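Shown next: protein-v3.pdb, given as PDB, C-alpha atoms and all ligand atoms.
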```pdb
ATOM      1  CA  PRO A   1       1.095 -70.224 -58.120
ATOM      2  CA  PRO A   2       2.473 -68.921 -61.446
ATOM      3  CA  VAL A   3       0.028 -67.206 -63.801
ATOM      4  CA  ALA A   4      -1.327 -69.270 -66.726
ATOM      5  CA  PRO A   5       0.143 -68.614 -70.178
ATOM      6  CA  PHE A   6      -1.443 -65.709 -72.029
ATOM      7  CA  ALA A   7      -0.737 -63.351 -74.930
ATOM      8  CA  ILE A   8       0.063 -59.685 -74.473
ATOM      9  CA  SER A   9      -0.469 -57.434 -77.438
ATOM     10  CA  PHE A  10       2.411 -55.027 -77.749
ATOM     11  CA  ASP A  11       1.700 -51.805 -79.632
ATOM     12  CA  HIS A  12       5.178 -50.577 -80.233
ATOM     13  CA  GLU A  13       4.125 -47.317 -81.957
ATOM     14  CA  ALA A  14       1.772 -46.333 -79.150
ATOM     15  CA  ALA A  15       4.142 -47.787 -76.513
ATOM     16  CA  ARG A  16       1.318 -49.732 -74.857
ATOM     17  CA  LEU A  17       0.697 -53.232 -73.550
ATOM     18  CA  GLU A  18      -2.768 -54.857 -73.701
ATOM     19  CA  PRO A  19      -4.120 -56.145 -71.367
ATOM     20  CA  GLU A  20      -2.854 -53.422 -69.072
ATOM     21  CA  GLY A  21      -1.715 -53.856 -65.523
ATOM     22  CA  PRO A  22      -1.377 -50.993 -63.082
ATOM     23  CA  THR A  23       0.024 -47.631 -64.254
ATOM     24  CA  LEU A  24       2.299 -45.597 -61.998
ATOM     25  CA  THR A  25       2.521 -41.827 -62.484
ATOM     26  CA  ARG A  26       5.526 -39.948 -61.153
ATOM     27  CA  ARG A  27       5.196 -36.192 -60.829
ATOM     28  CA  MET A  28       7.932 -33.689 -60.081
ATOM     29  CA  SER A  29       7.002 -33.781 -56.383
ATOM     30  CA  ASP A  30       7.799 -37.526 -56.352
ATOM     31  CA  LEU A  31      11.397 -36.773 -57.389
ATOM     32  CA  GLU A  32      12.511 -34.955 -54.235
ATOM     33  CA  GLY A  33      16.271 -34.906 -53.671
ATOM     34  CA  LEU A  34      17.101 -36.240 -57.128
ATOM     35  CA  PHE A  35      17.856 -33.133 -59.228
ATOM     36  CA  ALA A  36      21.092 -31.317 -58.331
ATOM     37  CA  ASP A  37      19.327 -27.911 -58.383
ATOM     38  CA  HIS A  38      16.944 -28.109 -55.416
ATOM     39  CA  GLU A  39      15.514 -24.612 -55.986
ATOM     40  CA  ALA A  40      14.703 -25.353 -59.618
ATOM     41  CA  TRP A  41      12.992 -28.564 -58.467
ATOM     42  CA  GLN A  42      10.929 -26.645 -55.879
ATOM     43  CA  ALA A  43       9.919 -24.069 -58.500
ATOM     44  CA  ALA A  44       8.760 -26.833 -60.864
ATOM     45  CA  VAL A  45       6.679 -28.435 -58.105
ATOM     46  CA  ALA A  46       5.089 -25.050 -57.337
ATOM     47  CA  ASP A  47       4.526 -24.389 -61.049
ATOM     48  CA  GLY A  48       1.965 -27.137 -61.681
ATOM     49  CA  ASP A  49       3.896 -30.190 -60.444
ATOM     50  CA  PRO A  50       4.120 -31.722 -63.958
ATOM     51  CA  VAL A  51       4.056 -35.433 -64.754
ATOM     52  CA  VAL A  52       7.679 -36.444 -65.441
ATOM     53  CA  TYR A  53       7.072 -40.109 -66.345
ATOM     54  CA  ARG A  54       4.564 -42.946 -66.342
ATOM     55  CA  VAL A  55       5.159 -46.686 -65.972
ATOM     56  CA  GLN A  56       2.543 -49.021 -67.454
ATOM     57  CA  SER A  57       2.909 -52.591 -66.177
ATOM     58  CA  SER A  58       1.837 -55.864 -67.748
ATOM     59  CA  PRO A  59      -0.566 -57.997 -65.713
ATOM     60  CA  VAL A  60       2.278 -60.388 -64.763
ATOM     61  CA  PRO A  61       2.750 -60.111 -60.992
ATOM     62  CA  GLU A  62       5.964 -58.888 -59.365
ATOM     63  CA  VAL A  63       6.734 -62.128 -57.560
ATOM     64  CA  ASP A  64       9.705 -64.464 -57.612
ATOM     65  CA  ARG A  65      10.206 -66.559 -60.793
ATOM     66  CA  GLU A  66       7.676 -64.515 -62.809
ATOM     67  CA  LEU A  67       8.994 -62.268 -65.598
ATOM     68  CA  PRO A  68       6.958 -59.024 -65.647
ATOM     69  CA  GLN A  69       7.255 -56.257 -68.220
ATOM     70  CA  SER A  70       6.558 -52.548 -68.135
ATOM     71  CA  ILE A  71       6.673 -49.577 -70.483
ATOM     72  CA  THR A  72       8.104 -46.323 -69.145
ATOM     73  CA  THR A  73       7.389 -43.033 -70.936
ATOM     74  CA  ILE A  74       9.441 -40.027 -69.828
ATOM     75  CA  GLU A  75       8.271 -36.564 -70.906
ATOM     76  CA  PRO A  76      10.830 -34.179 -72.440
ATOM     77  CA  GLY A  77      12.100 -31.425 -70.170
ATOM     78  CA  THR A  78      14.840 -30.086 -67.930
ATOM     79  CA  THR A  79      15.056 -28.902 -64.329
ATOM     80  CA  GLY A  80      18.020 -26.653 -63.612
ATOM     81  CA  GLY A  81      19.382 -27.783 -66.987
ATOM     82  CA  GLU A  82      19.269 -31.452 -65.915
ATOM     83  CA  LEU A  83      17.323 -33.705 -68.262
ATOM     84  CA  TRP A  84      14.104 -35.268 -66.966
ATOM     85  CA  MET A  85      14.726 -38.773 -65.719
ATOM     86  CA  THR A  86      13.459 -41.658 -63.640
ATOM     87  CA  LYS A  87      14.243 -41.877 -59.927
ATOM     88  CA  GLY A  88      16.667 -44.734 -60.519
ATOM     89  CA  HIS A  89      17.064 -47.801 -58.354
ATOM     90  CA  GLN A  90      19.121 -50.850 -57.519
ATOM     91  CA  HIS A  91      17.632 -54.356 -57.550
ATOM     92  CA  PRO A  92      18.295 -55.615 -54.014
ATOM     93  CA  ASN A  93      18.753 -59.210 -55.157
ATOM     94  CA  HIS A  94      21.177 -57.952 -57.832
ATOM     95  CA  GLN A  95      19.203 -59.360 -60.700
ATOM     96  CA  GLY A  96      19.721 -58.271 -64.313
ATOM     97  CA  GLU A  97      17.190 -56.568 -66.558
ATOM     98  CA  ILE A  98      16.587 -55.871 -70.261
ATOM     99  CA  TYR A  99      15.373 -52.606 -71.803
ATOM    100  CA  LEU A 100      14.185 -52.133 -75.403
ATOM    101  CA  GLY A 101      13.958 -48.603 -76.845
ATOM    102  CA  LEU A 102      10.517 -47.942 -78.423
ATOM    103  CA  HIS A 103      10.091 -44.254 -79.164
ATOM    104  CA  GLY A 104      12.081 -41.034 -78.943
ATOM    105  CA  ALA A 105      15.663 -40.605 -77.744
ATOM    106  CA  GLY A 106      17.017 -41.463 -74.342
ATOM    107  CA  GLY A 107      19.876 -42.745 -72.284
ATOM    108  CA  LEU A 108      20.393 -45.557 -69.815
ATOM    109  CA  LEU A 109      22.743 -44.472 -67.020
ATOM    110  CA  MET A 110      24.138 -47.274 -64.861
ATOM    111  CA  TYR A 111      26.313 -47.146 -61.751
ATOM    112  CA  ASP A 112      27.875 -49.987 -59.781
ATOM    113  CA  GLY A 113      29.044 -47.813 -56.881
ATOM    114  CA  THR A 114      32.447 -47.237 -58.483
ATOM    115  CA  ARG A 115      32.019 -46.440 -62.135
ATOM    116  CA  HIS A 116      29.186 -45.352 -64.382
ATOM    117  CA  GLU A 117      28.194 -46.390 -67.895
ATOM    118  CA  TRP A 118      25.878 -44.708 -70.403
ATOM    119  CA  ILE A 119      24.012 -46.355 -73.275
ATOM    120  CA  ASP A 120      22.299 -44.189 -75.916
ATOM    121  CA  MET A 121      18.785 -45.589 -76.354
ATOM    122  CA  ALA A 122      16.876 -45.306 -79.651
ATOM    123  CA  PRO A 123      13.959 -47.356 -81.020
ATOM    124  CA  GLY A 124      15.305 -50.906 -81.398
ATOM    125  CA  THR A 125      18.240 -50.554 -78.982
ATOM    126  CA  ILE A 126      18.454 -53.279 -76.350
ATOM    127  CA  GLY A 127      20.090 -51.944 -73.204
ATOM    128  CA  TYR A 128      21.349 -54.653 -70.870
ATOM    129  CA  ILE A 129      21.548 -53.955 -67.142
ATOM    130  CA  PRO A 130      23.893 -56.464 -65.512
ATOM    131  CA  PRO A 131      23.289 -57.636 -61.942
ATOM    132  CA  GLY A 132      24.499 -55.097 -59.376
ATOM    133  CA  TRP A 133      24.208 -51.983 -61.568
ATOM    134  CA  ALA A 134      21.803 -49.264 -60.385
ATOM    135  CA  HIS A 135      19.939 -47.774 -63.360
ATOM    136  CA  ARG A 136      18.237 -44.519 -64.304
ATOM    137  CA  SER A 137      16.631 -43.560 -67.624
ATOM    138  CA  VAL A 138      16.872 -40.087 -69.144
ATOM    139  CA  ASN A 139      14.923 -38.392 -71.947
ATOM    140  CA  THR A 140      17.604 -36.727 -74.109
ATOM    141  CA  GLY A 141      15.210 -35.557 -76.851
ATOM    142  CA  ASP A 142      12.332 -33.126 -77.334
ATOM    143  CA  GLU A 143       9.510 -35.667 -77.558
ATOM    144  CA  PRO A 144       8.420 -38.418 -75.130
ATOM    145  CA  TYR A 145      10.950 -41.251 -74.716
ATOM    146  CA  SER A 146       9.512 -44.777 -74.218
ATOM    147  CA  PHE A 147      11.125 -48.125 -73.513
ATOM    148  CA  LEU A 148      10.037 -51.633 -72.582
ATOM    149  CA  ALA A 149      11.602 -53.247 -69.507
ATOM    150  CA  VAL A 150      11.653 -56.991 -68.732
ATOM    151  CA  TYR A 151      12.816 -57.937 -65.250
ATOM    152  CA  PRO A 152      12.661 -60.764 -62.713
ATOM    153  CA  GLY A 153       9.494 -60.466 -60.625
ATOM    154  CA  GLY A 154      11.409 -60.936 -57.378
ATOM    155  CA  ALA A 155      14.019 -58.281 -58.169
ATOM    156  CA  GLY A 156      12.595 -55.567 -55.887
ATOM    157  CA  HIS A 157      13.275 -51.826 -56.235
ATOM    158  CA  ASP A 158      15.702 -50.129 -53.841
ATOM    159  CA  TYR A 159      15.384 -46.336 -54.273
ATOM    160  CA  GLY A 160      17.333 -45.527 -51.099
ATOM    161  CA  TRP A 161      20.508 -46.901 -52.669
ATOM    162  CA  VAL A 162      20.523 -44.084 -55.248
ATOM    163  CA  LEU A 163      19.833 -41.411 -52.603
ATOM    164  CA  GLU A 164      22.786 -42.772 -50.623
ATOM    165  CA  HIS A 165      25.313 -43.538 -53.369
ATOM    166  CA  GLY A 166      24.205 -41.344 -56.287
ATOM    167  CA  MET A 167      24.436 -42.430 -59.922
ATOM    168  CA  GLY A 168      28.042 -41.497 -60.736
ATOM    169  CA  ALA A 169      27.034 -38.788 -63.248
ATOM    170  CA  ARG A 170      24.229 -36.408 -64.242
ATOM    171  CA  ALA A 171      22.851 -35.717 -67.733
ATOM    172  CA  TYR A 172      22.359 -32.090 -68.852
ATOM    173  CA  ARG A 173      20.912 -30.341 -71.886
ATOM    174  CA  THR A 174      23.531 -28.503 -73.976
ATOM    175  CA  ALA A 175      23.263 -26.325 -77.089
ATOM    176  CA  SER A 176      24.235 -29.265 -79.299
ATOM    177  CA  GLY A 177      22.415 -32.053 -77.436
ATOM    178  CA  HIS A 178      23.324 -33.460 -74.036
ATOM    179  CA  GLU A 179      26.357 -34.189 -71.902
ATOM    180  CA  LEU A 180      27.230 -36.144 -68.776
ATOM    181  CA  ARG A 181      28.769 -34.260 -65.870
ATOM    182  CA  PRO A 182      30.388 -35.706 -62.749
ATOM    183  CA  TRP A 183      28.068 -36.421 -59.812
ATOM    184  CA  SER A 184      27.282 -33.369 -57.683
TER     185      SER A 184
HETATM  186  C1  LIG B   1      12.153 -51.992 -63.266
HETATM  187  C2  LIG B   1      12.600 -51.162 -64.423
HETATM  188  C3  LIG B   1      11.674 -50.022 -64.860
HETATM  189  C4  LIG B   1      11.657 -48.833 -63.907
HETATM  190  C5  LIG B   1      10.909 -47.641 -64.503
HETATM  191  C6  LIG B   1      10.758 -46.448 -63.577
HETATM  192  O1  LIG B   1      13.016 -52.516 -62.553
HETATM  193  O2  LIG B   1      10.941 -52.183 -63.062
HETATM  194  O3  LIG B   1      13.899 -50.729 -64.219
HETATM  195  O4  LIG B   1      10.374 -50.501 -65.072
HETATM  196  O5  LIG B   1      11.089 -49.197 -62.676
HETATM  197  O6  LIG B   1      11.575 -47.202 -65.657
HETATM  198  O7  LIG B   1      11.986 -46.096 -62.964
HETATM  199  P1  LIG B   1      12.076 -46.008 -61.384
HETATM  200  O8  LIG B   1      11.606 -47.346 -60.878
HETATM  201  O9  LIG B   1      13.527 -45.781 -61.106
HETATM  202  O10 LIG B   1      11.185 -44.922 -60.937
HETATM  203 NI    NI B   2      15.063 -51.976 -62.751
END
```

Once more with this new file: its structure as structure tokens, please.
Ligand code: 6PG
Ligand code: NI
Amino acid sequence: PPVAPFAISFDHEAARLEPEGPTLTRRMSDLEGLFADHEAWQAAVADGDPVVYRVQSSPVPEVDRELPQSITTIEPGTTGGELWMTKGHQHPNHQGEIYLGLHGAGGLLMYDGTRHEWIDMAPGTIGYIPPGWAHRSVNTGDEPYSFLAVYPGGAGHDYGWVLEHGMGARAYRTASGHELRPWS
């Protein structure tokens, strides 16, 4: 049965939801095969296996017809020059999703298997992910980057799709900021 109505307090400055649901922590070792520079990735795992991002969920369950939320916070950093990022996934049922930038500077990279799109994310930016677009978030700044996601509970998360098809482009640190380079 659906959950009963309830209020969630949303602390936008602290990038937290209350009450909290489960929190997922992704360390460097969880991101195998995702950075272009495999040796740099291995070195980072050996050198303390840092936390790359955390996902704090609301208590709304991930089941069909529910509308859960989560806040992702990506730490600043690079591996082989590539900006720290989420694994990225496709929603198997091809459902859409909404992101809201909360803190720091980031990017929303999307790929439909043919072309990629990039949205610069700042506090207050709504990034819309249309059905059928795989999505990955990137911290482009030098402080933590946080965003709120709202997605259909039955959407599912297909990580294999990104390992198979890639994301169309990669985001790198440059002297003046960041740039996208073709998939490699
Ligand atoms: C979702 C959202 C978002 C995402 C996190 C972590 O569908 O739930 O896109 O909450 O899961 O930002 O990214 P990964 O799921 O790609 O690790
Ligand atoms: Ni998603």

Extract, using only C-alpha atoms, all DNA, RNA and protein residues at most 9 Å from region 65-69 of chain A, discarding same-chain residues fewer than 3 positions from it, and format them as a CSV table (one decimal) with C-alpha atoms, keeping the file's coordinate frame.
```
chain,number,residue,atom,x,y,z
A,2,PRO,CA,2.5,-68.9,-61.4
A,3,VAL,CA,0.0,-67.2,-63.8
A,17,LEU,CA,0.7,-53.2,-73.6
A,56,GLN,CA,2.5,-49.0,-67.5
A,57,SER,CA,2.9,-52.6,-66.2
A,58,SER,CA,1.8,-55.9,-67.7
A,59,PRO,CA,-0.6,-58.0,-65.7
A,60,VAL,CA,2.3,-60.4,-64.8
A,61,PRO,CA,2.8,-60.1,-61.0
A,62,GLU,CA,6.0,-58.9,-59.4
A,148,LEU,CA,10.0,-51.6,-72.6
A,149,ALA,CA,11.6,-53.2,-69.5
A,150,VAL,CA,11.7,-57.0,-68.7
A,151,TYR,CA,12.8,-57.9,-65.2
A,152,PRO,CA,12.7,-60.8,-62.7
A,153,GLY,CA,9.5,-60.5,-60.6
A,154,GLY,CA,11.4,-60.9,-57.4
```

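Computed from the coordinates, the atom O9 of ligand LIG 1 (chain B) to CA of His178 (chain A) distance equals 20.4 Å.
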
From (24.0, -39.0, -66.7), in the file's coordinates, out to 10 Å: which residues are reached, counting only C-alpha atoms? Answer as a ChimeraX atom specification. /A:82-83,85,107-111,116-119,136-138,167-172,178-183

Produce a file of the selected residues containing C-alpha atoms, as a PDB file, in the frame of the given file.
```
ATOM      1  CA  GLU A  82      19.269 -31.452 -65.915  1.00  0.00           C
ATOM      2  CA  LEU A  83      17.323 -33.705 -68.262  1.00  0.00           C
ATOM      3  CA  MET A  85      14.726 -38.773 -65.719  1.00  0.00           C
ATOM      4  CA  GLY A 107      19.876 -42.745 -72.284  1.00  0.00           C
ATOM      5  CA  LEU A 108      20.393 -45.557 -69.815  1.00  0.00           C
ATOM      6  CA  LEU A 109      22.743 -44.472 -67.020  1.00  0.00           C
ATOM      7  CA  MET A 110      24.138 -47.274 -64.861  1.00  0.00           C
ATOM      8  CA  TYR A 111      26.313 -47.146 -61.751  1.00  0.00           C
ATOM      9  CA  HIS A 116      29.186 -45.352 -64.382  1.00  0.00           C
ATOM     10  CA  GLU A 117      28.194 -46.390 -67.895  1.00  0.00           C
ATOM     11  CA  TRP A 118      25.878 -44.708 -70.403  1.00  0.00           C
ATOM     12  CA  ILE A 119      24.012 -46.355 -73.275  1.00  0.00           C
ATOM     13  CA  ARG A 136      18.237 -44.519 -64.304  1.00  0.00           C
ATOM     14  CA  SER A 137      16.631 -43.560 -67.624  1.00  0.00           C
ATOM     15  CA  VAL A 138      16.872 -40.087 -69.144  1.00  0.00           C
ATOM     16  CA  MET A 167      24.436 -42.430 -59.922  1.00  0.00           C
ATOM     17  CA  GLY A 168      28.042 -41.497 -60.736  1.00  0.00           C
ATOM     18  CA  ALA A 169      27.034 -38.788 -63.248  1.00  0.00           C
ATOM     19  CA  ARG A 170      24.229 -36.408 -64.242  1.00  0.00           C
ATOM     20  CA  ALA A 171      22.851 -35.717 -67.733  1.00  0.00           C
ATOM     21  CA  TYR A 172      22.359 -32.090 -68.852  1.00  0.00           C
ATOM     22  CA  HIS A 178      23.324 -33.460 -74.036  1.00  0.00           C
ATOM     23  CA  GLU A 179      26.357 -34.189 -71.902  1.00  0.00           C
ATOM     24  CA  LEU A 180      27.230 -36.144 -68.776  1.00  0.00           C
ATOM     25  CA  ARG A 181      28.769 -34.260 -65.870  1.00  0.00           C
ATOM     26  CA  PRO A 182      30.388 -35.706 -62.749  1.00  0.00           C
ATOM     27  CA  TRP A 183      28.068 -36.421 -59.812  1.00  0.00           C
TER      28      TRP A 183
END
```

Which residues are close to region 47-55 of chain A, i.e. within 9 Å by all atoms listed in the file, leaving aside same-chain residues fewer than 3 positions away? Reply as a ChimeraX atom specification. /A:22-29,31,42-44,70-77,84-86

Please give me, as a PyMOL selection string, the residues lying within 9 Å of ligand NI 2 (chain B) when counting all atoms listed in the file. chain A and resi 88-91+95-98+129+134-136+149-151+155-157

Separation of CA of Gly106 (chain A) from CA of Ile126 (chain A) in Å: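 For CA of Ile126 (chain A) relative to CA of Gly106 (chain A), the distance reads 12.1 Å.
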
Put a box with edges along x, y and z around all the listed atoms of ligand LIG 1 (chain B), pad it by 5 Å on each side, then give me its centre and sizes in Å, one decimal, as JSON.
```
{"center_x": 12.1, "center_y": -48.7, "center_z": -63.3, "size_x": 13.5, "size_y": 17.6, "size_z": 14.8}
```

Can you work out which one of A:Thr114, A:Thr125, A:Ser184, A:Thr78 has the shortest atom-to-atom distance to Asp142 (chain A), counting all atoms listed in the file?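 Of all the options, A:Thr78 lies closest to Asp142 (chain A).
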
What residues come out when you apply the PyMOL selection byres (((chain A and resi 124) around 8) and not hetatm) to this file, written as a PDB file with C-alpha atoms, in the coordinates of the input?
```
ATOM      1  CA  LEU A 100      14.185 -52.133 -75.403  1.00  0.00           C
ATOM      2  CA  GLY A 101      13.958 -48.603 -76.845  1.00  0.00           C
ATOM      3  CA  LEU A 102      10.517 -47.942 -78.423  1.00  0.00           C
ATOM      4  CA  ALA A 122      16.876 -45.306 -79.651  1.00  0.00           C
ATOM      5  CA  PRO A 123      13.959 -47.356 -81.020  1.00  0.00           C
ATOM      6  CA  THR A 125      18.240 -50.554 -78.982  1.00  0.00           C
ATOM      7  CA  ILE A 126      18.454 -53.279 -76.350  1.00  0.00           C
TER       8      ILE A 126
END
```

Run the PyMOL selection byres (((chain A and resi 80) around 6) and not hetatm) mentally over the shown coordinates, then write out the matched residues as an MDAnalysis selection string, using the chain letters and numbers from the document. chainID A and resid 37 40 79 81:82

Which residues fall under the PyMOL selection byres (((chain A and resi 18) around 9) and not hetatm) in this file, as a list in words?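 Taken over the shown coordinates, the PyMOL selection byres (((chain A and resi 18) around 9) and not hetatm) returns Ala7, Ile8, Ser9, Phe10, Asp11, Arg16, Leu17, Pro19, Glu20, Gly21, Ser58 and Pro59 of chain A.
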
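The gap separating CA of Val63 (chain A) from CA of Tyr99 (chain A) is 19.2 Å, in Å to one decimal.
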
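Using all atoms listed in the file, the nearest neighbour of ligand LIG 1 (chain B) within the list A:Asp158, A:Glu164, A:Asp112, A:Asp64 is A:Asp158.
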
Would you mind putting back N, CA and C atoms on region 130-154 of chain A, then writing it out as a tab-separated table (two decimals), keeping the file's coordinate frame?
```
chain	number	residue	atom	x	y	z
A	130	PRO	N	23.36	-55.28	-66.20
A	130	PRO	CA	23.89	-56.46	-65.51
A	130	PRO	C	23.54	-56.44	-64.02
A	131	PRO	N	23.56	-57.59	-63.37
A	131	PRO	CA	23.29	-57.64	-61.94
A	131	PRO	C	24.22	-56.69	-61.18
A	132	GLY	N	23.66	-55.95	-60.22
A	132	GLY	CA	24.50	-55.10	-59.38
A	132	GLY	C	24.68	-53.68	-59.87
A	133	TRP	N	24.08	-53.34	-61.03
A	133	TRP	CA	24.21	-51.98	-61.57
A	133	TRP	C	22.90	-51.23	-61.34
A	134	ALA	N	22.96	-50.15	-60.52
A	134	ALA	CA	21.80	-49.26	-60.38
A	134	ALA	C	21.55	-48.63	-61.74
A	135	HIS	N	20.27	-48.30	-62.03
A	135	HIS	CA	19.94	-47.77	-63.36
A	135	HIS	C	18.91	-46.66	-63.28
A	136	ARG	N	19.12	-45.68	-64.16
A	136	ARG	CA	18.24	-44.52	-64.30
A	136	ARG	C	18.10	-44.24	-65.79
A	137	SER	N	16.87	-43.89	-66.22
A	137	SER	CA	16.63	-43.56	-67.62
A	137	SER	C	16.42	-42.06	-67.77
A	138	VAL	N	16.87	-41.52	-68.90
A	138	VAL	CA	16.87	-40.09	-69.14
A	138	VAL	C	16.27	-39.83	-70.52
A	139	ASN	N	15.40	-38.81	-70.63
A	139	ASN	CA	14.92	-38.39	-71.95
A	139	ASN	C	15.89	-37.35	-72.49
A	140	THR	N	16.62	-37.66	-73.55
A	140	THR	CA	17.60	-36.73	-74.11
A	140	THR	C	17.03	-35.93	-75.28
A	141	GLY	N	15.77	-36.19	-75.65
A	141	GLY	CA	15.21	-35.56	-76.85
A	141	GLY	C	14.16	-34.50	-76.53
A	142	ASP	N	13.37	-34.14	-77.54
A	142	ASP	CA	12.33	-33.13	-77.33
A	142	ASP	C	10.94	-33.68	-77.58
A	143	GLU	N	10.81	-35.00	-77.52
A	143	GLU	CA	9.51	-35.67	-77.56
A	143	GLU	C	9.54	-36.75	-76.48
A	144	PRO	N	8.39	-37.37	-76.16
A	144	PRO	CA	8.42	-38.42	-75.13
A	144	PRO	C	9.37	-39.56	-75.52
A	145	TYR	N	10.05	-40.10	-74.52
A	145	TYR	CA	10.95	-41.25	-74.72
A	145	TYR	C	10.32	-42.46	-74.02
A	146	SER	N	10.13	-43.57	-74.77
A	146	SER	CA	9.51	-44.78	-74.22
A	146	SER	C	10.42	-45.98	-74.39
A	147	PHE	N	10.38	-46.86	-73.41
A	147	PHE	CA	11.12	-48.12	-73.51
A	147	PHE	C	10.37	-49.22	-72.77
A	148	LEU	N	10.58	-50.43	-73.24
A	148	LEU	CA	10.04	-51.63	-72.58
A	148	LEU	C	11.10	-52.18	-71.64
A	149	ALA	N	10.70	-52.58	-70.45
A	149	ALA	CA	11.60	-53.25	-69.51
A	149	ALA	C	11.09	-54.66	-69.23
A	150	VAL	N	11.99	-55.62	-69.14
A	150	VAL	CA	11.65	-56.99	-68.73
A	150	VAL	C	12.59	-57.35	-67.58
A	151	TYR	N	12.00	-57.76	-66.46
A	151	TYR	CA	12.82	-57.94	-65.25
A	151	TYR	C	12.27	-59.07	-64.39
A	152	PRO	N	13.13	-59.68	-63.58
A	152	PRO	CA	12.66	-60.76	-62.71
A	152	PRO	C	11.68	-60.24	-61.68
A	153	GLY	N	10.55	-60.94	-61.51
A	153	GLY	CA	9.49	-60.47	-60.62
A	153	GLY	C	9.93	-60.31	-59.18
A	154	GLY	N	10.95	-61.03	-58.77
A	154	GLY	CA	11.41	-60.94	-57.38
A	154	GLY	C	12.55	-59.96	-57.19
```
